[in-house]
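A.B. asks: Got a file for you: protein.txt, compact mmCIF, C-alpha atoms and all ligand atoms.
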# COMPACT_ATOMS: atom_id res chain seq x y z
CA MET K 1 234.93 145.33 -196.85
CA GLU K 2 231.42 146.35 -195.91
CA GLU K 3 230.00 149.17 -198.02
CA LYS K 4 229.46 152.51 -196.34
CA ASP K 5 225.85 153.49 -195.65
CA ILE K 6 224.56 156.28 -197.89
CA TYR K 7 222.15 158.86 -196.49
CA ILE K 8 220.19 161.11 -198.86
CA LEU K 9 218.30 164.23 -197.84
CA ALA K 10 215.53 164.54 -200.45
CA ILE K 11 213.32 167.49 -201.34
CA GLU K 12 210.09 167.50 -203.38
CA SER K 13 208.06 170.58 -204.33
CA SER K 14 206.79 169.94 -207.86
CA CYS K 15 203.10 170.55 -207.18
CA ASP K 16 201.12 171.14 -203.99
CA GLU K 17 203.06 169.19 -201.36
CA THR K 18 206.17 170.58 -199.70
CA ALA K 19 208.11 167.48 -198.70
CA ALA K 20 211.47 166.38 -197.33
CA ALA K 21 212.81 162.98 -196.31
CA VAL K 22 215.93 161.17 -195.21
CA VAL K 23 216.50 157.82 -196.91
CA LYS K 24 219.21 155.29 -196.03
CA ASN K 25 220.73 153.13 -198.79
CA GLY K 26 217.86 153.85 -201.17
CA ARG K 27 215.29 151.66 -199.48
CA GLU K 28 215.03 152.59 -195.81
CA VAL K 29 212.98 155.69 -195.00
CA LEU K 30 214.22 157.37 -191.82
CA SER K 31 211.78 160.27 -192.11
CA ASN K 32 209.11 161.42 -194.55
CA VAL K 33 207.64 164.85 -193.82
CA ILE K 34 204.85 166.21 -196.03
CA SER K 35 203.20 169.60 -195.69
CA SER K 36 200.12 169.47 -197.90
CA GLN K 37 198.52 172.56 -199.40
CA ILE K 38 195.40 170.67 -200.49
CA ASP K 39 193.03 172.53 -198.15
CA LEU K 40 194.18 175.84 -199.58
CA HIS K 41 193.80 174.83 -203.24
CA THR K 42 190.43 173.16 -202.56
CA LEU K 43 189.01 176.67 -202.13
CA TYR K 44 189.79 177.30 -205.82
CA GLY K 45 188.83 173.86 -207.17
CA GLY K 46 192.39 173.01 -208.23
CA VAL K 47 196.06 173.89 -207.77
CA VAL K 48 196.81 177.61 -208.18
CA PRO K 49 200.50 177.72 -209.26
CA GLU K 50 201.32 181.12 -207.76
CA ILE K 51 199.86 180.16 -204.38
CA ALA K 52 201.72 176.83 -204.50
CA SER K 53 205.10 178.57 -204.99
CA ARG K 54 204.48 181.03 -202.16
CA LYS K 55 203.45 178.26 -199.75
CA HIS K 56 206.52 176.18 -200.63
CA ILE K 57 208.73 179.14 -199.73
CA GLU K 58 206.95 179.54 -196.40
CA LYS K 59 207.18 175.87 -195.46
CA ILE K 60 210.32 174.42 -196.97
CA ASN K 61 212.88 175.25 -194.27
CA GLN K 62 210.65 173.96 -191.53
CA VAL K 63 209.84 170.76 -193.43
CA ILE K 64 213.55 170.02 -194.03
CA GLU K 65 214.41 170.68 -190.40
CA SER K 66 211.66 168.29 -189.28
CA ALA K 67 212.87 165.62 -191.73
CA LEU K 68 216.41 165.79 -190.30
CA GLU K 69 215.11 165.86 -186.74
CA GLU K 70 212.77 162.89 -187.19
CA ALA K 71 215.57 160.90 -188.77
CA ASN K 72 217.78 161.86 -185.84
CA MET K 73 220.27 163.27 -188.29
CA THR K 74 222.37 166.34 -188.75
CA LEU K 75 223.33 167.71 -192.14
CA ASP K 76 226.99 166.67 -191.73
CA LYS K 77 225.94 162.98 -191.75
CA ILE K 78 224.12 163.37 -195.09
CA ASP K 79 225.97 162.11 -198.20
CA ALA K 80 223.99 163.91 -200.92
CA ILE K 81 221.03 166.21 -201.50
CA GLY K 82 218.38 164.84 -203.89
CA VAL K 83 215.75 167.12 -205.40
CA THR K 84 212.93 166.93 -207.93
CA TYR K 85 213.80 169.24 -210.84
CA GLY K 86 210.94 168.28 -213.20
CA PRO K 87 208.35 167.78 -214.46
CA GLY K 88 205.92 169.97 -212.55
CA LEU K 89 204.95 173.59 -211.97
CA VAL K 90 207.97 175.74 -212.74
CA GLY K 91 207.59 178.15 -209.81
CA ALA K 92 206.97 175.30 -207.39
CA LEU K 93 209.93 173.26 -208.66
CA LEU K 94 212.22 176.29 -208.45
CA VAL K 95 211.69 176.59 -204.70
CA GLY K 96 212.93 173.03 -204.07
CA VAL K 97 215.76 173.30 -206.59
CA ALA K 98 217.04 176.61 -205.18
CA GLU K 99 216.82 175.26 -201.63
CA ALA K 100 218.65 172.04 -202.53
CA LYS K 101 221.39 173.97 -204.33
CA ALA K 102 221.82 176.32 -201.37
CA ILE K 103 222.08 173.45 -198.88
CA ALA K 104 224.40 171.42 -201.09
CA PHE K 105 226.65 174.43 -201.75
CA ALA K 106 226.79 175.57 -198.13
CA SER K 107 227.49 172.07 -196.79
CA ASN K 108 229.74 171.02 -199.66
CA LYS K 109 227.63 167.96 -200.55
CA PRO K 110 226.85 166.55 -203.98
CA LEU K 111 223.58 167.56 -205.62
CA VAL K 112 221.46 164.96 -207.44
CA GLY K 113 218.50 166.15 -209.52
CA VAL K 114 215.66 163.63 -209.82
CA HIS K 115 212.88 163.13 -212.34
CA HIS K 116 209.57 163.25 -210.44
CA ILE K 117 208.19 160.20 -212.25
CA GLU K 118 211.35 158.19 -211.59
CA GLY K 119 210.56 159.04 -207.97
CA HIS K 120 207.03 157.64 -208.25
CA VAL K 121 208.37 154.40 -209.77
CA SER K 122 211.05 154.16 -207.04
CA ALA K 123 208.39 154.41 -204.31
CA ASN K 124 207.88 150.69 -204.94
CA PHE K 125 211.41 149.91 -203.68
CA ILE K 126 210.67 151.25 -200.20
CA GLU K 127 208.41 148.44 -199.04
CA HIS K 128 209.31 145.69 -201.51
CA LEU K 129 212.90 144.77 -200.89
CA ASP K 130 212.59 141.86 -203.35
CA LEU K 131 211.57 144.13 -206.24
CA LYS K 132 214.42 144.72 -208.65
CA PRO K 133 214.48 145.69 -212.33
CA PRO K 134 213.52 144.58 -214.88
CA PHE K 135 209.75 144.93 -214.36
CA MET K 136 206.71 146.50 -216.00
CA CYS K 137 205.35 149.64 -214.37
CA LEU K 138 202.00 151.37 -214.82
CA ILE K 139 202.49 155.03 -213.92
CA VAL K 140 199.19 156.77 -213.20
CA SER K 141 199.46 160.23 -211.67
CA GLY K 142 197.75 163.59 -212.02
CA GLY K 143 199.95 164.53 -214.96
CA HIS K 144 201.16 161.21 -216.40
CA THR K 145 199.87 157.89 -217.66
CA HIS K 146 202.63 155.65 -218.94
CA LEU K 147 203.41 151.97 -219.30
CA VAL K 148 207.15 151.52 -218.99
CA VAL K 149 209.60 148.67 -218.79
CA VAL K 150 211.95 149.55 -215.93
CA LYS K 151 215.07 147.99 -217.47
CA ASP K 152 217.39 149.06 -214.69
CA TYR K 153 217.32 151.69 -211.93
CA GLY K 154 216.48 154.94 -213.73
CA GLU K 155 216.38 153.24 -217.16
CA PHE K 156 212.98 153.21 -218.82
CA GLU K 157 211.53 152.01 -222.08
CA ILE K 158 208.18 153.67 -222.65
CA VAL K 159 205.79 151.18 -224.26
CA GLY K 160 202.51 153.09 -223.86
CA ARG K 161 201.28 156.55 -222.98
CA THR K 162 198.10 158.60 -222.89
CA ARG K 163 197.14 160.43 -226.05
CA ASP K 164 195.24 163.12 -224.13
CA ASP K 165 194.34 163.39 -220.43
CA ALA K 166 196.27 161.62 -217.68
CA ALA K 167 194.25 159.14 -215.62
CA GLY K 168 194.36 161.35 -212.50
CA GLU K 169 193.34 164.37 -214.54
CA ALA K 170 190.27 162.46 -215.76
CA PHE K 171 189.36 161.57 -212.16
CA ASP K 172 189.78 165.22 -211.13
CA LYS K 173 187.71 166.60 -214.03
CA VAL K 174 184.87 164.11 -213.58
CA ALA K 175 184.82 164.73 -209.82
CA ARG K 176 184.47 168.45 -210.45
CA ALA K 177 181.63 167.84 -212.94
CA ILE K 178 179.64 165.80 -210.42
CA GLY K 179 180.28 168.34 -207.69
CA LEU K 180 182.69 166.35 -205.55
CA GLY K 181 185.45 168.99 -205.66
CA TYR K 182 189.23 168.75 -205.53
CA PRO K 183 191.17 166.47 -205.36
CA GLY K 184 188.85 164.23 -207.32
CA GLY K 185 190.52 160.83 -207.23
CA PRO K 186 189.98 159.97 -203.56
CA LYS K 187 186.42 161.39 -203.67
CA ILE K 188 185.43 159.30 -206.70
CA ASP K 189 187.02 156.27 -205.04
CA LYS K 190 184.80 156.85 -201.97
CA ALA K 191 181.58 157.73 -203.84
CA SER K 192 182.02 154.62 -206.03
CA LYS K 193 181.62 152.40 -203.00
CA GLU K 194 177.98 153.60 -202.74
CA GLY K 195 177.33 153.27 -206.49
CA ASN K 196 176.73 150.59 -209.10
CA PRO K 197 179.71 150.21 -211.49
CA ASN K 198 177.46 148.63 -214.12
CA ALA K 199 174.72 151.29 -213.99
CA ILE K 200 176.01 153.26 -216.99
CA ALA K 201 178.10 151.86 -219.86
CA PHE K 202 180.78 154.53 -220.35
CA PRO K 203 183.19 153.89 -223.25
CA LYS K 204 186.43 152.01 -222.59
CA ALA K 205 188.70 153.92 -224.88
CA LYS K 206 190.91 151.95 -227.22
CA VAL K 207 193.55 153.60 -229.38
CA ASP K 208 193.54 152.04 -232.85
CA GLY K 209 196.76 150.23 -233.67
CA SER K 210 198.38 151.04 -230.30
CA PRO K 211 197.47 148.33 -227.79
CA PHE K 212 199.36 150.00 -224.93
CA ASP K 213 198.31 153.62 -225.43
CA PHE K 214 195.51 155.25 -223.44
CA SER K 215 192.89 157.91 -224.13
CA PHE K 216 190.64 159.25 -221.40
CA SER K 217 189.05 162.24 -223.10
CA GLY K 218 186.26 160.07 -224.57
CA VAL K 219 185.09 158.68 -221.24
CA LYS K 220 185.34 162.14 -219.68
CA SER K 221 183.16 163.64 -222.44
CA ALA K 222 180.69 160.76 -222.13
CA VAL K 223 180.28 161.54 -218.42
CA LEU K 224 179.77 165.27 -219.15
CA ASN K 225 177.19 164.42 -221.85
CA TYR K 226 175.38 162.08 -219.48
CA LEU K 227 175.21 164.82 -216.83
CA ASN K 228 174.03 167.42 -219.36
CA HIS K 229 171.37 165.07 -220.64
CA GLY K 230 170.12 164.53 -217.09
CA GLN K 231 169.99 168.26 -216.48
CA MET K 232 168.11 168.98 -219.71
CA THR K 233 165.53 166.23 -219.35
CA GLY K 234 165.13 166.63 -215.61
CA GLU K 235 165.84 162.90 -215.14
CA GLU K 236 167.37 162.18 -211.77
CA VAL K 237 171.11 161.44 -211.88
CA ASN K 238 172.63 159.16 -209.28
CA PHE K 239 176.09 160.66 -208.78
CA ASN K 240 177.41 157.61 -206.97
CA ASP K 241 176.45 155.46 -209.97
CA VAL K 242 178.16 157.94 -212.32
CA ALA K 243 181.33 157.85 -210.17
CA ALA K 244 181.33 154.04 -209.95
CA SER K 245 180.63 153.55 -213.66
CA PHE K 246 183.31 156.05 -214.69
CA GLN K 247 185.84 154.43 -212.36
CA HIS K 248 184.91 150.99 -213.68
CA ALA K 249 185.55 152.10 -217.29
CA VAL K 250 188.94 153.63 -216.46
CA VAL K 251 190.15 150.82 -214.18
CA ASP K 252 189.18 148.10 -216.68
CA VAL K 253 191.33 149.69 -219.38
CA LEU K 254 194.28 150.24 -217.02
CA VAL K 255 194.19 146.61 -215.84
CA GLU K 256 193.74 145.12 -219.29
CA LYS K 257 196.60 147.08 -220.89
CA ALA K 258 199.05 146.71 -218.00
CA VAL K 259 198.62 142.93 -217.87
CA LEU K 260 198.84 142.64 -221.65
CA ALA K 261 202.03 144.72 -221.69
CA ALA K 262 203.61 142.66 -218.89
CA LYS K 263 202.91 139.46 -220.84
CA GLU K 264 203.99 140.89 -224.19
CA TYR K 265 207.33 142.11 -222.77
CA GLY K 266 207.92 138.94 -220.74
CA CYS K 267 207.76 140.70 -217.35
CA HIS K 268 206.73 138.53 -214.41
CA GLN K 269 206.56 141.55 -212.12
CA LEU K 270 204.20 144.50 -212.47
CA ALA K 271 204.34 147.63 -210.30
CA LEU K 272 201.89 150.52 -209.95
CA ALA K 273 203.05 154.09 -209.37
CA GLY K 274 201.57 157.58 -208.90
CA GLY K 275 198.57 159.01 -207.07
CA VAL K 276 195.95 156.94 -208.91
CA ALA K 277 197.71 153.79 -207.65
CA CYS K 278 195.92 154.58 -204.34
CA ASN K 279 192.63 153.70 -205.99
CA THR K 280 191.11 150.77 -204.12
CA THR K 281 189.26 149.31 -207.12
CA LEU K 282 192.37 149.54 -209.31
CA ARG K 283 194.36 147.67 -206.66
CA GLU K 284 191.68 144.97 -206.29
CA LYS K 285 191.08 144.41 -210.00
CA MET K 286 194.79 144.47 -210.79
CA LYS K 287 195.41 141.89 -208.05
CA GLU K 288 192.75 139.55 -209.47
CA ALA K 289 194.11 139.88 -213.00
CA CYS K 290 197.73 139.38 -211.93
CA GLU K 291 196.87 136.28 -209.91
CA LYS K 292 195.10 134.87 -212.95
CA HIS K 293 198.10 135.52 -215.19
CA HIS K 294 200.79 134.51 -212.63
CA ILE K 295 202.29 138.00 -212.44
CA SER K 296 203.63 139.35 -209.11
CA LEU K 297 201.97 142.68 -208.36
CA TYR K 298 203.58 145.51 -206.36
CA TYR K 299 202.23 148.85 -205.23
CA PRO K 300 203.34 151.33 -202.59
CA SER K 301 201.31 152.22 -199.48
CA PRO K 302 199.05 155.22 -200.23
CA ILE K 303 201.41 157.65 -198.45
CA TYR K 304 204.18 156.71 -200.92
CA CYS K 305 201.83 156.75 -203.97
CA THR K 306 200.97 160.45 -203.81
CA ASP K 307 203.70 163.09 -203.83
CA ASN K 308 206.36 162.64 -201.14
CA ALA K 309 210.11 163.09 -200.79
CA ALA K 310 210.95 159.54 -199.65
CA MET K 311 210.42 158.32 -203.22
CA ILE K 312 212.75 161.11 -204.44
CA GLY K 313 215.38 159.97 -201.91
CA CYS K 314 215.08 156.42 -203.25
CA ALA K 315 215.52 157.50 -206.86
CA ALA K 316 218.34 159.90 -205.91
CA TYR K 317 220.23 157.04 -204.23
CA TYR K 318 220.32 154.95 -207.41
CA GLU K 319 221.30 158.00 -209.50
CA TYR K 320 224.03 158.83 -206.94
CA LYS K 321 225.36 155.26 -207.10
CA LYS K 322 225.56 155.60 -210.89
CA GLY K 323 227.69 158.72 -210.44
CA VAL K 324 225.06 161.29 -211.43
CA ARG K 325 225.93 164.73 -210.00
CA HIS K 326 224.35 168.04 -210.93
CA GLY K 327 226.06 171.41 -210.96
CA TRP K 328 225.00 174.74 -209.49
CA ASP K 329 223.38 175.49 -212.84
CA LEU K 330 220.66 172.86 -212.21
CA ASN K 331 217.37 174.44 -213.25
CA ALA K 332 213.70 173.50 -212.91
CA VAL K 333 212.50 171.76 -216.10
CA PRO K 334 208.68 171.85 -216.09
CA ASN K 335 208.29 169.47 -219.06
CA LEU K 336 211.23 167.13 -218.35
CA LYS K 337 210.79 163.90 -220.32
CA LEU K 338 211.20 160.50 -218.69
CA GLY K 339 214.70 159.14 -219.29
CA GLU K 340 216.15 162.64 -219.92
CA ARG K 341 218.98 163.95 -217.74
O1 LIG K 401 201.15 161.39 -208.20
P1 LIG K 401 200.31 162.48 -207.68
O2 LIG K 401 200.24 162.72 -206.23
O3 LIG K 401 200.72 163.85 -208.34
C1 LIG K 401 201.23 163.97 -209.62
O4 LIG K 401 202.45 163.75 -209.80
O5 LIG K 401 200.41 164.27 -210.52
O6 LIG K 401 198.87 162.21 -208.27
C2 LIG K 401 197.78 162.99 -207.97
C3 LIG K 401 196.58 162.40 -208.68
C4 LIG K 401 195.37 163.31 -208.62
O7 LIG K 401 194.82 163.41 -209.92
C5 LIG K 401 194.43 162.55 -207.68
O8 LIG K 401 193.06 162.79 -207.97
C6 LIG K 401 194.81 161.11 -207.96
O9 LIG K 401 196.20 161.15 -208.08
N1 LIG K 401 194.40 160.21 -206.87
C7 LIG K 401 193.51 159.21 -207.03
C8 LIG K 401 193.32 158.63 -205.75
N2 LIG K 401 194.12 159.28 -204.87
C9 LIG K 401 194.79 160.24 -205.58
N3 LIG K 401 192.85 158.78 -208.10
C10 LIG K 401 191.98 157.76 -207.95
N4 LIG K 401 191.74 157.17 -206.76
C11 LIG K 401 192.38 157.56 -205.64
N5 LIG K 401 192.12 156.95 -204.47
ZN ZN K 402 203.47 163.09 -208.44
Could I get this file's structure written as structure tokens?
C.D. replies:
Amino acid sequence: MEEKDIYILAIESSCDETAAAVVKNGREVLSNVISSQIDLHTLYGGVVPEIASRKHIEKINQVIESALEEANMTLDKIDAIGVTYGPGLVGALLVGVAEAKAIAFASNKPLVGVHHIEGHVSANFIEHLDLKPPFMCLIVSGGHTHLVVVKDYGEFEIVGRTRDDAAGEAFDKVARAIGLGYPGGPKIDKASKEGNPNAIAFPKAKVDGSPFDFSFSGVKSAVLNYLNHGQMTGEEVNFNDVAASFQHAVVDVLVEKAVLAAKEYGCHQLALAGGVACNTTLREKMKEACEKHHISLYYPSPIYCTDNAAMIGCAAYYEYKKGVRHGWDLNAVPNLKLGER
């Protein structure tokens, strides 16, 4: 007998995007609606949690309605409601969680809470139908930098993590220091194209005794020191060179460790996940390295790398298939650990 199609309505509100999507059988995106608050937070140089929560409340109903409409769906055809319940900003998460609970309760549908980072990893399943666990995944977002073996859907073994800043956080802080503003990652990516990546030798942080761990605070401080030195001595600083050299230092470490981890753990497939996976140099350098080491490389299109609800729908599908159901007591968990339920 043919298996019944499963339709998930997914909601994501962990940071500054209010998003909803309808996903069929975990891999087919029928709609992916994102209402970004970036312009608003840019005024303040970063995400203001209180403003984020208020904007989510204003937008969420409309975003969900559009997601259903674009998918040509009505709520009665939906099998389950998936929602990000952590990690993220507590007030922002609560809006999505409360909304999902209300919809699930009123329509008598199962509720499936999703880990935001599991969502980022699952974004790879949308466009790569051949990608199946096990594989190595480099997760590089604004809040996380992890190397994980994806052993099965939703099953992770963490083999490396950052000791301080996340990769995206380092991009954002350096961008602010050189006056590029928020969000820093895409701006550094762009400025780097006009700069020389070998102009300044910023440190490529190694963590003693932990070949798969990361540390980005050293390179960030080195950039700040370089800028201070320029200011004090009056020497001209080429910001494009600073951006390109910083990016070069970070990307080199990400590529080296991800490839090493894939080889060490016997993974022939490596996937990238999270906002920093949009970075054009990271994609290029990772591709070169993977070709050299006969590893198949996967990464989502940029729209699925940064925060979106399609990736949450994907992850929710696999959790749903495993039988995961959450009760009406589901709460936002701002510091939810990967692999926790
Ligand atoms: O995954 P994401 O959308 O949100 C979190 O879950 O944190 O990641 C956002 C991060 C930000 O730090 C942003 O600067 C970074 O991803 N980012 C980039 C690029 N696009 C977004 N970093 C480097 N290069 C990019 N092109
Ligand atoms: Zn994210």
A.B. asks: At a cut-off of 8 Å, using all atoms listed in the file, what residues contact stretch 245-253 of chain K? Leave out same-chain residues fewer than 4 positions from it and give the result as a VMD selection string.
C.D. replies: chain K and resid 167 171 188 to 189 192 195 to 205 216 219 223 241 257 281 to 282 285
A.B. asks: So, with only C-alpha atoms and all ligand atoms as the atoms that count, which of K:Met136, K:Val23, K:Leu30, K:Val121 lies closest to ligand ZN 402 (chain K)?
C.D. replies: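 Of the candidates, the smallest distance to ligand ZN 402 (chain K) is held by K:Val121.
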A.B. asks: Under the rule that all atoms listed in the file are counted, which of K:Asp16, K:Asn240, K:Gly313, K:Ala10 is the nearest residue to K:Leu180?
C.D. replies: K:Asn240
A.B. asks: So what do you get for atom O9 of ligand LIG 401 (chain K) versus atom CA of K:Val149, distance-wise?
C.D. replies: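 Between atom O9 of ligand LIG 401 (chain K) and atom CA of K:Val149 the gap is 21.2 Å.
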A.B. asks: Show me which residues sit within 6 Å of ligand LIG 401 (chain K) when counting all atoms listed in the file, and put them as a VMD selection string.
C.D. replies: chain K and resid 141 to 143 168 to 169 171 to 172 183 to 186 189 274 to 276 278 to 279 306 to 307
A.B. asks: What residues of the protein or nucleic acid chains come within 12 Å of ligand ZN 402 (chain K) when you use all atoms listed in the file? Reply as number ranges by chain.
C.D. replies: K: 12-19, 84, 86-89, 115-123, 139-145, 166, 168-169, 273-277, 303-309, 311-312
A.B. asks: Ranking K:Ala271, K:Ala332, K:Leu75, K:Ile295 by minimum distance to K:Lys132 and counting only C-alpha atoms, which one comes first?
C.D. replies: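 Between K:Ala271, K:Ala332, K:Leu75, K:Ile295, the residue approaching K:Lys132 most closely is K:Ala271.
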A.B. asks: Considering all atoms listed in the file, can you say which of K:Gly218, K:Pro211, K:Gly266, K:Pro49 comes closest to K:Phe135?
C.D. replies: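 Using all atoms listed in the file, the shortest distance to K:Phe135 belongs to K:Gly266.
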A.B. asks: What lies within 7 Å of K:Phe214 using only C-alpha atoms, ignoring chain neighbours under 4 positions off, as a list in words?
C.D. replies: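 Answer for this query is Arg161, Thr162, Arg163, Lys206 and Val207 of chain K.
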A.B. asks: Could I get the residues of stretch 52-144 of chain K with an atom no further than 12 Å from an atom of stretch 39-43 of chain K, each paired with its nearest atom pair and that distance in Å to one decimal, using all atoms listed in the file, sorted by chain and residue number, as JSON lines?
C.D. replies:
{"residue": "K:Ala52", "atom": "CA", "partner": "K:His41", "partner_atom": "CA", "distance": 8.3}
{"residue": "K:Arg54", "atom": "CA", "partner": "K:Leu40", "partner_atom": "CA", "distance": 11.8}
{"residue": "K:Lys55", "atom": "CA", "partner": "K:Leu40", "partner_atom": "CA", "distance": 9.6}
A.B. asks: Can you pull out the residues contacting K:Ile103? Cut-off 9 Å, using only C-alpha atoms, and skip same-chain residues under 5 positions away; I want them as a ChimeraX atom specification.
C.D. replies: /K:75,81,98,108-109
A.B. asks: Please provide as a ChimeraX atom specification all residues within 8 Å of K:Leu9, with the sequence filter that same-chain residues fewer than 6 positions apart are discarded (counting all atoms listed in the file).
C.D. replies: /K:20-23,68,78-82,313
A.B. asks: Hey, can you check how far atom CA of K:Pro300 sits from atom CA of K:Leu272?
C.D. replies: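 Value for the atom CA of K:Pro300-atom CA of K:Leu272 distance: 7.5 Å.
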A.B. asks: What are the centre and the three edge lengths of an axis-aligned box that wraps all atoms of stretch 281-284 of chain K in the file, given that 6 Å is added to every side, written as lines of an AutoDock Vina configuration file and rounded to one decimal in Å?
C.D. replies:
center_x = 191.8
center_y = 147.3
center_z = -207.8
size_x = 17.1
size_y = 16.6
size_z = 15.0
A.B. asks: Please list as a list of chain:residue names every residue within 7 Å of K:Asp152, counting all atoms listed in the file and excluding residues in the same chain fewer than 3 positions away.
C.D. replies: K:Pro133, K:Pro134, K:Glu155
A.B. asks: Kindly export the residues of the current selection with C-alpha atoms, as a compact mmCIF listing (two decimals), keeping the file's coordinate frame.
C.D. replies:
# COMPACT_ATOMS: atom_id res chain seq x y z
CA PRO K 133 214.48 145.69 -212.33
CA PRO K 134 213.52 144.58 -214.88
CA GLU K 155 216.38 153.24 -217.16
A.B. asks: Using Å and a single decimal, report how far atom CA of K:Cys314 sits from atom CA of K:Leu270.
C.D. replies: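 Spanning atom CA of K:Leu270 to atom CA of K:Cys314 is a straight-line distance of 18.6 Å.
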A.B. asks: Pick from K:Pro302, K:Ala258, K:Tyr317, K:Ile8: nearest to K:Cys290, with all atoms listed in the file counted?
C.D. replies: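 The shortest atom-to-atom distance to K:Cys290 comes from K:Ala258.
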A.B. asks: Choose the residue, out of K:Tyr7, K:Tyr44, K:Phe105, K:Phe125, that has the smallest atom-to-atom separation from K:Tyr299; count only C-alpha atoms.
C.D. replies: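 Checking each candidate against K:Tyr299, we get K:Phe125 as the closest.
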A.B. asks: List every protein, DNA or RNA residue that has an atom no more than 7 Å from (218.5, 156.3, -203.9) in the file's coordinate frame, counting all atoms listed in the file, and report them as number ranges by chain.
C.D. replies: K: 25-26, 313-320
A.B. asks: Save the residues we just selected, C-alpha atoms, as a PDB file, keeping the file's coordinate frame?
C.D. replies:
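For reference, again12.pdb as written:
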ATOM      1  CA  ASN K  25     220.730 153.130-198.790  1.00  0.00           C
ATOM      2  CA  GLY K  26     217.860 153.850-201.170  1.00  0.00           C
ATOM      3  CA  GLY K 313     215.380 159.970-201.910  1.00  0.00           C
ATOM      4  CA  CYS K 314     215.080 156.420-203.250  1.00  0.00           C
ATOM      5  CA  ALA K 315     215.520 157.500-206.860  1.00  0.00           C
ATOM      6  CA  ALA K 316     218.340 159.900-205.910  1.00  0.00           C
ATOM      7  CA  TYR K 317     220.230 157.040-204.230  1.00  0.00           C
ATOM      8  CA  TYR K 318     220.320 154.950-207.410  1.00  0.00           C
ATOM      9  CA  GLU K 319     221.300 158.000-209.500  1.00  0.00           C
ATOM     10  CA  TYR K 320     224.030 158.830-206.940  1.00  0.00           C
TER      11      TYR K 320
END
